[in-house]
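*Asks:* Here you go, this is model-v6.cif (mmCIF, N, CA and C atoms).
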```cif
data_protein
loop_
_atom_site.label_atom_id
_atom_site.label_comp_id
_atom_site.auth_asym_id
_atom_site.auth_seq_id
_atom_site.Cartn_x
_atom_site.Cartn_y
_atom_site.Cartn_z
N VAL A 268 -19.64 9.88 1.48
CA VAL A 268 -19.67 8.43 1.30
C VAL A 268 -20.00 7.79 2.64
N GLN A 269 -20.94 6.86 2.61
CA GLN A 269 -21.28 6.10 3.81
C GLN A 269 -20.95 4.63 3.55
N LEU A 270 -20.40 3.99 4.57
CA LEU A 270 -19.98 2.60 4.46
C LEU A 270 -20.67 1.77 5.55
N GLN A 271 -21.26 0.67 5.16
CA GLN A 271 -21.95 -0.22 6.10
C GLN A 271 -21.30 -1.59 6.03
N ALA A 272 -20.62 -1.95 7.09
CA ALA A 272 -19.93 -3.24 7.14
C ALA A 272 -20.79 -4.28 7.84
N SER A 273 -20.59 -5.53 7.44
CA SER A 273 -21.30 -6.64 8.07
C SER A 273 -20.52 -7.93 7.83
N GLY A 274 -20.90 -8.96 8.56
CA GLY A 274 -20.34 -10.28 8.30
C GLY A 274 -19.39 -10.82 9.34
N GLY A 275 -19.09 -10.06 10.38
CA GLY A 275 -18.20 -10.57 11.41
C GLY A 275 -18.85 -11.67 12.22
N GLY A 276 -18.06 -12.29 13.08
CA GLY A 276 -18.59 -13.34 13.93
C GLY A 276 -17.47 -14.14 14.55
N SER A 277 -17.85 -15.27 15.09
CA SER A 277 -16.89 -16.15 15.74
C SER A 277 -16.72 -17.42 14.93
N VAL A 278 -15.50 -17.88 14.83
CA VAL A 278 -15.21 -19.06 14.03
C VAL A 278 -14.01 -19.78 14.63
N GLN A 279 -13.93 -21.07 14.41
CA GLN A 279 -12.80 -21.83 14.89
C GLN A 279 -11.60 -21.66 13.95
N PRO A 280 -10.41 -21.90 14.47
CA PRO A 280 -9.23 -21.84 13.58
C PRO A 280 -9.41 -22.75 12.38
N GLY A 281 -9.00 -22.24 11.23
CA GLY A 281 -9.18 -22.97 9.99
C GLY A 281 -10.48 -22.68 9.28
N GLY A 282 -11.37 -21.97 9.95
CA GLY A 282 -12.66 -21.66 9.37
C GLY A 282 -12.63 -20.46 8.44
N SER A 283 -13.80 -20.07 7.96
CA SER A 283 -13.92 -18.98 7.00
C SER A 283 -15.02 -18.01 7.40
N LEU A 284 -14.86 -16.79 6.99
CA LEU A 284 -15.87 -15.76 7.13
C LEU A 284 -15.82 -14.86 5.90
N ASN A 285 -16.94 -14.24 5.60
CA ASN A 285 -16.99 -13.30 4.48
C ASN A 285 -17.56 -11.98 4.97
N LEU A 286 -16.75 -10.94 4.90
CA LEU A 286 -17.18 -9.61 5.30
C LEU A 286 -17.69 -8.85 4.09
N SER A 287 -18.69 -8.00 4.32
CA SER A 287 -19.23 -7.15 3.27
C SER A 287 -19.15 -5.69 3.69
N CYS A 288 -18.99 -4.82 2.72
CA CYS A 288 -18.98 -3.38 2.98
C CYS A 288 -19.75 -2.72 1.84
N ALA A 289 -20.92 -2.21 2.16
CA ALA A 289 -21.77 -1.56 1.17
C ALA A 289 -21.55 -0.06 1.21
N ALA A 290 -21.30 0.53 0.06
CA ALA A 290 -21.03 1.97 -0.03
C ALA A 290 -22.23 2.69 -0.63
N SER A 291 -22.45 3.90 -0.15
CA SER A 291 -23.49 4.75 -0.71
C SER A 291 -23.00 6.20 -0.69
N GLY A 292 -23.70 7.03 -1.41
CA GLY A 292 -23.29 8.43 -1.48
C GLY A 292 -22.48 8.69 -2.73
N ASN A 293 -21.47 9.55 -2.62
CA ASN A 293 -20.67 9.98 -3.76
C ASN A 293 -19.59 8.95 -4.09
N ILE A 294 -20.03 7.78 -4.50
CA ILE A 294 -19.09 6.68 -4.70
C ILE A 294 -18.23 6.88 -5.95
N VAL A 295 -18.61 7.75 -6.85
CA VAL A 295 -17.81 7.95 -8.05
C VAL A 295 -16.46 8.59 -7.70
N SER A 296 -16.36 9.17 -6.52
CA SER A 296 -15.12 9.82 -6.11
C SER A 296 -14.12 8.84 -5.50
N ILE A 297 -14.54 7.61 -5.28
CA ILE A 297 -13.69 6.65 -4.59
C ILE A 297 -12.57 6.14 -5.48
N ILE A 298 -11.36 6.13 -4.93
CA ILE A 298 -10.19 5.63 -5.65
C ILE A 298 -9.91 4.17 -5.26
N HIS A 299 -9.96 3.89 -4.00
CA HIS A 299 -9.82 2.51 -3.55
C HIS A 299 -10.56 2.31 -2.24
N VAL A 300 -10.95 1.09 -2.01
CA VAL A 300 -11.66 0.69 -0.80
C VAL A 300 -10.99 -0.56 -0.25
N GLY A 301 -11.32 -0.87 0.98
CA GLY A 301 -10.75 -2.09 1.53
C GLY A 301 -11.03 -2.21 3.01
N TRP A 302 -10.09 -2.89 3.67
CA TRP A 302 -10.27 -3.23 5.07
C TRP A 302 -9.00 -3.00 5.87
N TYR A 303 -9.20 -2.46 7.05
CA TYR A 303 -8.19 -2.42 8.09
C TYR A 303 -8.67 -3.33 9.22
N ARG A 304 -7.78 -3.67 10.09
CA ARG A 304 -8.17 -4.37 11.31
C ARG A 304 -7.36 -3.88 12.49
N GLN A 305 -7.98 -4.01 13.66
CA GLN A 305 -7.33 -3.57 14.89
C GLN A 305 -7.56 -4.61 15.96
N ALA A 306 -6.49 -5.24 16.37
CA ALA A 306 -6.55 -6.21 17.46
C ALA A 306 -6.45 -5.46 18.79
N PRO A 307 -6.91 -6.06 19.86
CA PRO A 307 -6.86 -5.40 21.17
C PRO A 307 -5.44 -4.97 21.52
N GLY A 308 -5.29 -3.71 21.88
CA GLY A 308 -4.00 -3.19 22.30
C GLY A 308 -3.02 -2.93 21.18
N LYS A 309 -3.48 -3.06 19.93
CA LYS A 309 -2.58 -2.87 18.79
C LYS A 309 -3.08 -1.76 17.88
N GLN A 310 -2.23 -1.32 16.99
CA GLN A 310 -2.62 -0.28 16.04
C GLN A 310 -3.50 -0.86 14.95
N ARG A 311 -4.15 0.03 14.24
CA ARG A 311 -5.00 -0.38 13.13
C ARG A 311 -4.12 -0.57 11.90
N ASP A 312 -4.21 -1.75 11.32
CA ASP A 312 -3.36 -2.10 10.18
C ASP A 312 -4.19 -2.37 8.94
N LEU A 313 -3.62 -2.01 7.79
CA LEU A 313 -4.27 -2.29 6.51
C LEU A 313 -4.24 -3.79 6.23
N VAL A 314 -5.35 -4.32 5.79
CA VAL A 314 -5.46 -5.75 5.47
C VAL A 314 -5.48 -5.97 3.96
N ALA A 315 -6.38 -5.29 3.28
CA ALA A 315 -6.53 -5.50 1.83
C ALA A 315 -7.20 -4.29 1.22
N SER A 316 -6.84 -4.04 -0.05
CA SER A 316 -7.42 -2.93 -0.80
C SER A 316 -7.78 -3.40 -2.20
N ILE A 317 -8.77 -2.73 -2.78
CA ILE A 317 -9.12 -2.96 -4.17
C ILE A 317 -9.36 -1.60 -4.81
N TYR A 318 -8.77 -1.41 -5.98
CA TYR A 318 -8.82 -0.12 -6.65
C TYR A 318 -9.97 -0.05 -7.63
N SER A 319 -10.40 1.18 -7.89
CA SER A 319 -11.54 1.40 -8.77
C SER A 319 -11.11 1.50 -10.23
N ASP A 320 -10.00 0.90 -10.59
CA ASP A 320 -9.55 0.90 -11.98
C ASP A 320 -10.22 -0.25 -12.72
N SER A 321 -9.99 -0.30 -14.01
CA SER A 321 -10.65 -1.31 -14.82
C SER A 321 -10.16 -2.72 -14.51
N ASP A 322 -8.94 -2.81 -13.95
CA ASP A 322 -8.39 -4.12 -13.60
C ASP A 322 -8.75 -4.56 -12.18
N SER A 323 -9.41 -3.69 -11.44
CA SER A 323 -9.72 -3.99 -10.03
C SER A 323 -8.46 -4.45 -9.30
N THR A 324 -7.42 -3.68 -9.43
CA THR A 324 -6.15 -4.01 -8.81
C THR A 324 -6.31 -4.21 -7.31
N THR A 325 -5.67 -5.25 -6.79
CA THR A 325 -5.78 -5.56 -5.37
C THR A 325 -4.41 -5.53 -4.70
N ALA A 326 -4.45 -5.36 -3.40
CA ALA A 326 -3.23 -5.39 -2.60
C ALA A 326 -3.56 -6.01 -1.25
N TYR A 327 -2.60 -6.76 -0.70
CA TYR A 327 -2.82 -7.46 0.55
C TYR A 327 -1.64 -7.28 1.49
N ALA A 328 -1.95 -7.27 2.77
CA ALA A 328 -0.89 -7.30 3.77
C ALA A 328 -0.27 -8.69 3.79
N GLY A 329 0.99 -8.74 4.14
CA GLY A 329 1.70 -10.01 4.13
C GLY A 329 1.04 -11.14 4.91
N PRO A 330 0.58 -10.88 6.13
CA PRO A 330 0.02 -11.97 6.94
C PRO A 330 -1.25 -12.61 6.37
N VAL A 331 -1.92 -11.95 5.43
CA VAL A 331 -3.17 -12.50 4.92
C VAL A 331 -3.08 -12.97 3.48
N LYS A 332 -1.95 -12.74 2.84
CA LYS A 332 -1.79 -13.16 1.44
C LYS A 332 -1.99 -14.66 1.30
N GLY A 333 -2.77 -15.02 0.31
CA GLY A 333 -3.03 -16.42 0.07
C GLY A 333 -4.20 -16.98 0.87
N ARG A 334 -4.66 -16.22 1.87
CA ARG A 334 -5.79 -16.67 2.69
C ARG A 334 -7.02 -15.79 2.52
N PHE A 335 -6.80 -14.51 2.32
CA PHE A 335 -7.90 -13.56 2.17
C PHE A 335 -8.01 -13.13 0.71
N THR A 336 -9.24 -12.88 0.28
CA THR A 336 -9.47 -12.39 -1.07
C THR A 336 -10.45 -11.23 -1.02
N ILE A 337 -10.06 -10.11 -1.59
CA ILE A 337 -10.93 -8.95 -1.66
C ILE A 337 -11.52 -8.88 -3.06
N SER A 338 -12.79 -8.54 -3.15
CA SER A 338 -13.47 -8.43 -4.43
C SER A 338 -14.55 -7.37 -4.33
N ARG A 339 -15.09 -7.01 -5.47
CA ARG A 339 -16.15 -6.00 -5.46
C ARG A 339 -17.23 -6.35 -6.45
N ASP A 340 -18.43 -5.92 -6.13
CA ASP A 340 -19.59 -6.04 -7.01
C ASP A 340 -20.03 -4.61 -7.29
N THR A 341 -19.68 -4.10 -8.47
CA THR A 341 -19.97 -2.70 -8.77
C THR A 341 -21.47 -2.45 -8.87
N ALA A 342 -22.23 -3.44 -9.28
CA ALA A 342 -23.68 -3.27 -9.39
C ALA A 342 -24.32 -3.06 -8.02
N LYS A 343 -23.72 -3.66 -7.01
CA LYS A 343 -24.25 -3.54 -5.64
C LYS A 343 -23.47 -2.53 -4.81
N ASN A 344 -22.43 -1.93 -5.40
CA ASN A 344 -21.57 -0.99 -4.66
C ASN A 344 -21.07 -1.61 -3.36
N THR A 345 -20.67 -2.84 -3.46
CA THR A 345 -20.28 -3.60 -2.29
C THR A 345 -18.91 -4.24 -2.50
N VAL A 346 -18.11 -4.21 -1.45
CA VAL A 346 -16.81 -4.85 -1.44
C VAL A 346 -16.86 -6.00 -0.44
N TYR A 347 -16.21 -7.10 -0.80
CA TYR A 347 -16.21 -8.28 0.03
C TYR A 347 -14.79 -8.65 0.44
N LEU A 348 -14.69 -9.24 1.62
CA LEU A 348 -13.42 -9.80 2.05
C LEU A 348 -13.68 -11.24 2.47
N GLN A 349 -13.28 -12.16 1.60
CA GLN A 349 -13.40 -13.58 1.91
C GLN A 349 -12.17 -14.00 2.69
N MET A 350 -12.40 -14.48 3.90
CA MET A 350 -11.30 -14.85 4.78
C MET A 350 -11.34 -16.35 5.01
N ASN A 351 -10.30 -17.02 4.55
CA ASN A 351 -10.19 -18.47 4.70
C ASN A 351 -9.02 -18.83 5.60
N THR A 352 -9.03 -20.06 6.05
CA THR A 352 -7.96 -20.57 6.90
C THR A 352 -7.64 -19.58 8.02
N LEU A 353 -8.66 -19.16 8.70
CA LEU A 353 -8.50 -18.16 9.75
C LEU A 353 -7.67 -18.68 10.91
N LYS A 354 -6.91 -17.76 11.48
CA LYS A 354 -6.02 -18.08 12.58
C LYS A 354 -6.41 -17.23 13.79
N PRO A 355 -6.05 -17.66 14.99
CA PRO A 355 -6.36 -16.84 16.18
C PRO A 355 -5.81 -15.41 16.05
N GLU A 356 -4.69 -15.25 15.39
CA GLU A 356 -4.10 -13.92 15.25
C GLU A 356 -4.87 -13.02 14.28
N ASP A 357 -5.86 -13.57 13.60
CA ASP A 357 -6.74 -12.76 12.77
C ASP A 357 -7.85 -12.09 13.59
N THR A 358 -7.94 -12.46 14.85
CA THR A 358 -8.95 -11.86 15.72
C THR A 358 -8.74 -10.36 15.84
N ALA A 359 -9.77 -9.60 15.51
CA ALA A 359 -9.66 -8.14 15.51
C ALA A 359 -11.02 -7.55 15.15
N VAL A 360 -11.12 -6.25 15.33
CA VAL A 360 -12.24 -5.51 14.76
C VAL A 360 -11.81 -5.09 13.35
N TYR A 361 -12.64 -5.43 12.39
CA TYR A 361 -12.34 -5.12 10.98
C TYR A 361 -13.15 -3.89 10.56
N TYR A 362 -12.45 -2.95 9.95
CA TYR A 362 -13.08 -1.70 9.51
C TYR A 362 -12.93 -1.58 7.99
N CYS A 363 -14.03 -1.35 7.31
CA CYS A 363 -13.88 -1.03 5.90
C CYS A 363 -13.61 0.46 5.75
N TYR A 364 -12.97 0.81 4.66
CA TYR A 364 -12.63 2.21 4.41
C TYR A 364 -12.83 2.49 2.94
N ALA A 365 -12.89 3.77 2.63
CA ALA A 365 -12.91 4.22 1.24
C ALA A 365 -12.03 5.46 1.14
N ARG A 366 -11.20 5.48 0.12
CA ARG A 366 -10.31 6.61 -0.11
C ARG A 366 -10.76 7.34 -1.37
N ALA A 367 -11.11 8.61 -1.18
CA ALA A 367 -11.43 9.47 -2.31
C ALA A 367 -10.24 10.41 -2.53
N ARG A 368 -10.36 11.31 -3.47
CA ARG A 368 -9.23 12.18 -3.80
C ARG A 368 -8.79 13.02 -2.62
N SER A 369 -9.75 13.54 -1.88
CA SER A 369 -9.38 14.46 -0.80
C SER A 369 -9.93 14.04 0.56
N GLN A 370 -10.58 12.89 0.61
CA GLN A 370 -11.16 12.46 1.88
C GLN A 370 -11.00 10.96 2.07
N PHE A 371 -11.06 10.60 3.34
CA PHE A 371 -10.93 9.20 3.75
C PHE A 371 -12.14 8.88 4.61
N TYR A 372 -12.78 7.77 4.31
CA TYR A 372 -14.00 7.41 5.03
C TYR A 372 -13.83 6.07 5.74
N TRP A 373 -14.45 5.99 6.91
CA TRP A 373 -14.47 4.74 7.66
C TRP A 373 -15.89 4.21 7.80
N GLY A 374 -16.01 2.90 7.74
CA GLY A 374 -17.25 2.27 8.13
C GLY A 374 -17.17 1.89 9.60
N GLN A 375 -18.25 1.39 10.14
CA GLN A 375 -18.19 0.93 11.52
C GLN A 375 -17.45 -0.40 11.56
N GLY A 376 -16.92 -0.76 12.66
CA GLY A 376 -16.17 -1.99 12.77
C GLY A 376 -17.07 -3.20 12.91
N THR A 377 -16.53 -4.33 12.51
CA THR A 377 -17.22 -5.61 12.72
C THR A 377 -16.21 -6.56 13.33
N LEU A 378 -16.61 -7.23 14.41
CA LEU A 378 -15.69 -8.04 15.18
C LEU A 378 -15.57 -9.44 14.59
N VAL A 379 -14.33 -9.86 14.41
CA VAL A 379 -14.01 -11.23 13.99
C VAL A 379 -13.22 -11.89 15.11
N THR A 380 -13.73 -13.01 15.59
CA THR A 380 -13.07 -13.74 16.67
C THR A 380 -12.75 -15.14 16.18
N VAL A 381 -11.49 -15.51 16.25
CA VAL A 381 -11.05 -16.84 15.84
C VAL A 381 -10.52 -17.55 17.07
N SER A 382 -11.25 -18.55 17.50
CA SER A 382 -10.90 -19.21 18.75
C SER A 382 -11.47 -20.62 18.77
N SER A 383 -10.74 -21.51 19.42
CA SER A 383 -11.24 -22.87 19.57
C SER A 383 -11.95 -23.02 20.91
#
```
Could you show the structure in this file as structure tokens?
*Replies:*
Amino acid sequence: VQLQASGGGSVQPGGSLNLSCAASGNIVSIIHVGWYRQAPGKQRDLVASIYSDSDSTTAYAGPVKGRFTISRDTAKNTVYLQMNTLKPEDTAVYYCYARARSQFYWGQGTLVTVSS
């Protein structure tokens, strides 16, 4: 599985960004996909996940609940992370991931900077 992330950038507090992660390869093996983020000097933390079930079950980390929305377009094999009401503490490199039965895949990071 290959993952191509895009959509990072710089935005002022309160602004919005939409990240995309396009998957290719053996995508039928994927159980869930989503995003982690890593701020400077900190560990990489899970942000949001979406499952490959019929309900597209989602999960969010506490700090982003109500502000971020993860979704997927199965026709495009793409997962999106809509980030609203961004805060300076959301500044980080965001990494998309995919979890298959026996393997874990990372996409390249995309930098999100929230600053006035």
*Asks:* Can you pull out every residue within 7 Å of Leu348 (chain A), counting only C-alpha atoms, but drop anything in the same chain fewer than 5 positions away, and send it as a list in words?
*Replies:*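 Residues near the query, excluding close chain neighbours: Asn285, Leu286, Ser287, Phe335, Thr336, Ile337 and Ser338 of chain A.
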*Asks:* Write the residues you've just listed into a file as an mmCIF file, keeping the file's coordinate frame, and include N, CA and C atoms for each of them.
*Replies:*
```cif
data_model
loop_
_atom_site.group_PDB
_atom_site.id
_atom_site.type_symbol
_atom_site.label_atom_id
_atom_site.label_comp_id
_atom_site.auth_asym_id
_atom_site.auth_seq_id
_atom_site.Cartn_x
_atom_site.Cartn_y
_atom_site.Cartn_z
ATOM 1 N N ASN A 285 -16.940 -14.240 5.600
ATOM 2 C CA ASN A 285 -16.990 -13.300 4.480
ATOM 3 C C ASN A 285 -17.560 -11.980 4.970
ATOM 4 N N LEU A 286 -16.750 -10.940 4.900
ATOM 5 C CA LEU A 286 -17.180 -9.610 5.300
ATOM 6 C C LEU A 286 -17.690 -8.850 4.090
ATOM 7 N N SER A 287 -18.690 -8.000 4.320
ATOM 8 C CA SER A 287 -19.230 -7.150 3.270
ATOM 9 C C SER A 287 -19.150 -5.690 3.690
ATOM 10 N N PHE A 335 -6.800 -14.510 2.320
ATOM 11 C CA PHE A 335 -7.900 -13.560 2.170
ATOM 12 C C PHE A 335 -8.010 -13.130 0.710
ATOM 13 N N THR A 336 -9.240 -12.880 0.280
ATOM 14 C CA THR A 336 -9.470 -12.390 -1.070
ATOM 15 C C THR A 336 -10.450 -11.230 -1.020
ATOM 16 N N ILE A 337 -10.060 -10.110 -1.590
ATOM 17 C CA ILE A 337 -10.930 -8.950 -1.660
ATOM 18 C C ILE A 337 -11.520 -8.880 -3.060
ATOM 19 N N SER A 338 -12.790 -8.540 -3.150
ATOM 20 C CA SER A 338 -13.470 -8.430 -4.430
ATOM 21 C C SER A 338 -14.550 -7.370 -4.330
#
```
*Asks:* Given the file shown, determine the residues that the PyMOL selection byres ((chain A and resi 299) around 8) selects; report them as a JSON list (two decimals) with N, CA and C atoms, in the frame of the given file.
*Replies:*
```json
[["chain", "number", "residue", "atom", "x", "y", "z"],
["A", 296, "SER", "N", -16.36, 9.17, -6.52],
["A", 296, "SER", "CA", -15.12, 9.82, -6.11],
["A", 296, "SER", "C", -14.12, 8.84, -5.50],
["A", 297, "ILE", "N", -14.54, 7.61, -5.28],
["A", 297, "ILE", "CA", -13.69, 6.65, -4.59],
["A", 297, "ILE", "C", -12.57, 6.14, -5.48],
["A", 298, "ILE", "N", -11.36, 6.13, -4.93],
["A", 298, "ILE", "CA", -10.19, 5.63, -5.65],
["A", 298, "ILE", "C", -9.91, 4.17, -5.26],
["A", 300, "VAL", "N", -10.95, 1.09, -2.01],
["A", 300, "VAL", "CA", -11.66, 0.69, -0.80],
["A", 300, "VAL", "C", -10.99, -0.56, -0.25],
["A", 301, "GLY", "N", -11.32, -0.87, 0.98],
["A", 301, "GLY", "CA", -10.75, -2.09, 1.53],
["A", 301, "GLY", "C", -11.03, -2.21, 3.01],
["A", 302, "TRP", "N", -10.09, -2.89, 3.67],
["A", 302, "TRP", "CA", -10.27, -3.23, 5.07],
["A", 302, "TRP", "C", -9.00, -3.00, 5.87],
["A", 316, "SER", "N", -6.84, -4.04, -0.05],
["A", 316, "SER", "CA", -7.42, -2.93, -0.80],
["A", 316, "SER", "C", -7.78, -3.40, -2.20],
["A", 317, "ILE", "N", -8.77, -2.73, -2.78],
["A", 317, "ILE", "CA", -9.12, -2.96, -4.17],
["A", 317, "ILE", "C", -9.36, -1.60, -4.81],
["A", 318, "TYR", "N", -8.77, -1.41, -5.98],
["A", 318, "TYR", "CA", -8.82, -0.12, -6.65],
["A", 318, "TYR", "C", -9.97, -0.05, -7.63],
["A", 319, "SER", "N", -10.40, 1.18, -7.89],
["A", 319, "SER", "CA", -11.54, 1.40, -8.77],
["A", 319, "SER", "C", -11.11, 1.50, -10.23],
["A", 320, "ASP", "N", -10.00, 0.90, -10.59],
["A", 320, "ASP", "CA", -9.55, 0.90, -11.98],
["A", 320, "ASP", "C", -10.22, -0.25, -12.72],
["A", 364, "TYR", "N", -12.97, 0.81, 4.66],
["A", 364, "TYR", "CA", -12.63, 2.21, 4.41],
["A", 364, "TYR", "C", -12.83, 2.49, 2.94],
["A", 365, "ALA", "N", -12.89, 3.77, 2.63],
["A", 365, "ALA", "CA", -12.91, 4.22, 1.24],
["A", 365, "ALA", "C", -12.03, 5.46, 1.14],
["A", 366, "ARG", "N", -11.20, 5.48, 0.12],
["A", 366, "ARG", "CA", -10.31, 6.61, -0.11],
["A", 366, "ARG", "C", -10.76, 7.34, -1.37],
["A", 367, "ALA", "N", -11.11, 8.61, -1.18],
["A", 367, "ALA", "CA", -11.43, 9.47, -2.31],
["A", 367, "ALA", "C", -10.24, 10.41, -2.53],
["A", 368, "ARG", "N", -10.36, 11.31, -3.47],
["A", 368, "ARG", "CA", -9.23, 12.18, -3.80],
["A", 368, "ARG", "C", -8.79, 13.02, -2.62]]
```
*Asks:* Have a look at CA of Trp373 (chain A) and CA of Thr352 (chain A) and let me know their distance in Å, one decimal.
*Replies:*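 Straight-line distance from CA of Trp373 (chain A) to CA of Thr352 (chain A) works out to 26.1 Å.
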*Asks:* Kindly give the distance, in Å, that separates CA of Gly276 (chain A) and atom C of Ser383 (chain A), rounded to a single decimal.
*Replies:*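 These two atoms are separated by 13.7 Å.
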*Asks:* Please measure the separation of atom C of Gly292 (chain A) and atom C of Val379 (chain A), giving the value in Å to one decimal.
*Replies:*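 Result for atom C of Gly292 (chain A) versus atom C of Val379 (chain A): 28.8 Å, one decimal.
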*Asks:* List every residue of chain A that DSSP, applied to the backbone of this structure, assigns to strand (DSSP E or B), and report them as number ranges by chain.
*Replies:* A: 269-273, 276-278, 284-291, 297-305, 311-318, 325-327, 335-340, 345-350, 359-367, 371-381
*Asks:* If we count all atoms listed in the file, what is near region 303-312 of chain A at a cut-off of 6.5 Å, once residues fewer than 2 positions away on the same chain are taken out, given as a PyMOL selection string?
*Replies:* chain A and resi 301+314-315+358-364
*Asks:* Using only N, CA and C atoms, determine which residues lie at most 6.5 Å from Ala272 (chain A), disregarding the query and same-chain residues fewer than 2 positions distant; provide the list as a PDB file with N, CA and C atoms, keeping the file's coordinate frame.
*Replies:*
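Result file is out-v2.pdb:
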```pdb
ATOM      1  N   LEU A 270     -20.400   3.990   4.570  1.00  0.00           N
ATOM      2  CA  LEU A 270     -19.980   2.600   4.460  1.00  0.00           C
ATOM      3  C   LEU A 270     -20.670   1.770   5.550  1.00  0.00           C
ATOM      4  N   GLY A 274     -20.900  -8.960   8.560  1.00  0.00           N
ATOM      5  CA  GLY A 274     -20.340 -10.280   8.300  1.00  0.00           C
ATOM      6  C   GLY A 274     -19.390 -10.820   9.340  1.00  0.00           C
ATOM      7  N   SER A 287     -18.690  -8.000   4.320  1.00  0.00           N
ATOM      8  CA  SER A 287     -19.230  -7.150   3.270  1.00  0.00           C
ATOM      9  C   SER A 287     -19.150  -5.690   3.690  1.00  0.00           C
ATOM     10  N   CYS A 288     -18.990  -4.820   2.720  1.00  0.00           N
ATOM     11  CA  CYS A 288     -18.980  -3.380   2.980  1.00  0.00           C
ATOM     12  C   CYS A 288     -19.750  -2.720   1.840  1.00  0.00           C
ATOM     13  N   ALA A 289     -20.920  -2.210   2.160  1.00  0.00           N
ATOM     14  CA  ALA A 289     -21.770  -1.560   1.170  1.00  0.00           C
ATOM     15  C   ALA A 289     -21.550  -0.060   1.210  1.00  0.00           C
ATOM     16  N   CYS A 363     -14.030  -1.350   7.310  1.00  0.00           N
ATOM     17  CA  CYS A 363     -13.880  -1.030   5.900  1.00  0.00           C
ATOM     18  C   CYS A 363     -13.610   0.460   5.750  1.00  0.00           C
ATOM     19  N   GLY A 374     -16.010   2.900   7.740  1.00  0.00           N
ATOM     20  CA  GLY A 374     -17.250   2.270   8.130  1.00  0.00           C
ATOM     21  C   GLY A 374     -17.170   1.890   9.600  1.00  0.00           C
ATOM     22  N   GLN A 375     -18.250   1.390  10.140  1.00  0.00           N
ATOM     23  CA  GLN A 375     -18.190   0.930  11.520  1.00  0.00           C
ATOM     24  C   GLN A 375     -17.450  -0.400  11.560  1.00  0.00           C
ATOM     25  N   GLY A 376     -16.920  -0.760  12.660  1.00  0.00           N
ATOM     26  CA  GLY A 376     -16.170  -1.990  12.770  1.00  0.00           C
ATOM     27  C   GLY A 376     -17.070  -3.200  12.910  1.00  0.00           C
ATOM     28  N   THR A 377     -16.530  -4.330  12.510  1.00  0.00           N
ATOM     29  CA  THR A 377     -17.220  -5.610  12.720  1.00  0.00           C
ATOM     30  C   THR A 377     -16.210  -6.560  13.330  1.00  0.00           C
TER      31      THR A 377
END
```
*Asks:* With all atoms listed in the file as the atoms that count, which of A:Leu284, A:Tyr372, A:Ser277, A:Val268 lies nearest to Met350 (chain A)?
*Replies:*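 Counting all atoms listed in the file, the residue closest to Met350 (chain A) is A:Leu284.
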*Asks:* Mind listing the helix (DSSP H, G or I) residues of region 274-378 of chain A, per DSSP on the backbone, as a list in words?
*Replies:*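 Secondary structure check on region 274-378 of chain A, helix (DSSP H, G or I): Ile294, Val295, Ser296, Gly329, Pro330, Val331, Pro355, Glu356 and Asp357 of chain A.
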*Asks:* My list of candidates is A:Asp357, A:Gln269, A:Leu313, A:Gly329. Which is closest to Asn293 (chain A) when distances are computed with only N, CA and C atoms?
*Replies:*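 Counting only N, CA and C atoms, the residue closest to Asn293 (chain A) is A:Gln269.
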*Asks:* For this structure, which residues satisfy the selection - the PyMOL selection byres (((chain A and resi 282 and name CA) around 9) and name CA) - when it is evaluated on the file as given? I want them as a PDB file with N, CA and C atoms, in the frame of the given file.
*Replies:*
```pdb
ATOM      1  N   VAL A 278     -15.500 -17.880  14.830  1.00  0.00           N
ATOM      2  CA  VAL A 278     -15.210 -19.060  14.030  1.00  0.00           C
ATOM      3  C   VAL A 278     -14.010 -19.780  14.630  1.00  0.00           C
ATOM      4  N   GLN A 279     -13.930 -21.070  14.410  1.00  0.00           N
ATOM      5  CA  GLN A 279     -12.800 -21.830  14.890  1.00  0.00           C
ATOM      6  C   GLN A 279     -11.600 -21.660  13.950  1.00  0.00           C
ATOM      7  N   PRO A 280     -10.410 -21.900  14.470  1.00  0.00           N
ATOM      8  CA  PRO A 280      -9.230 -21.840  13.580  1.00  0.00           C
ATOM      9  C   PRO A 280      -9.410 -22.750  12.380  1.00  0.00           C
ATOM     10  N   GLY A 281      -9.000 -22.240  11.230  1.00  0.00           N
ATOM     11  CA  GLY A 281      -9.180 -22.970   9.990  1.00  0.00           C
ATOM     12  C   GLY A 281     -10.480 -22.680   9.280  1.00  0.00           C
ATOM     13  N   SER A 283     -13.800 -20.070   7.960  1.00  0.00           N
ATOM     14  CA  SER A 283     -13.920 -18.980   7.000  1.00  0.00           C
ATOM     15  C   SER A 283     -15.020 -18.010   7.400  1.00  0.00           C
ATOM     16  N   LEU A 284     -14.860 -16.790   6.990  1.00  0.00           N
ATOM     17  CA  LEU A 284     -15.870 -15.760   7.130  1.00  0.00           C
ATOM     18  C   LEU A 284     -15.820 -14.860   5.900  1.00  0.00           C
ATOM     19  N   MET A 350     -12.400 -14.480   3.900  1.00  0.00           N
ATOM     20  CA  MET A 350     -11.300 -14.850   4.780  1.00  0.00           C
ATOM     21  C   MET A 350     -11.340 -16.350   5.010  1.00  0.00           C
ATOM     22  N   ASN A 351     -10.300 -17.020   4.550  1.00  0.00           N
ATOM     23  CA  ASN A 351     -10.190 -18.470   4.700  1.00  0.00           C
ATOM     24  C   ASN A 351      -9.020 -18.830   5.600  1.00  0.00           C
ATOM     25  N   THR A 352      -9.030 -20.060   6.050  1.00  0.00           N
ATOM     26  CA  THR A 352      -7.960 -20.570   6.900  1.00  0.00           C
ATOM     27  C   THR A 352      -7.640 -19.580   8.020  1.00  0.00           C
ATOM     28  N   LEU A 353      -8.660 -19.160   8.700  1.00  0.00           N
ATOM     29  CA  LEU A 353      -8.500 -18.160   9.750  1.00  0.00           C
ATOM     30  C   LEU A 353      -7.670 -18.680  10.910  1.00  0.00           C
ATOM     31  N   LYS A 354      -6.910 -17.760  11.480  1.00  0.00           N
ATOM     32  CA  LYS A 354      -6.020 -18.080  12.580  1.00  0.00           C
ATOM     33  C   LYS A 354      -6.410 -17.230  13.790  1.00  0.00           C
ATOM     34  N   VAL A 381     -11.490 -15.510  16.250  1.00  0.00           N
ATOM     35  CA  VAL A 381     -11.050 -16.840  15.840  1.00  0.00           C
ATOM     36  C   VAL A 381     -10.520 -17.550  17.070  1.00  0.00           C
TER      37      VAL A 381
END
```
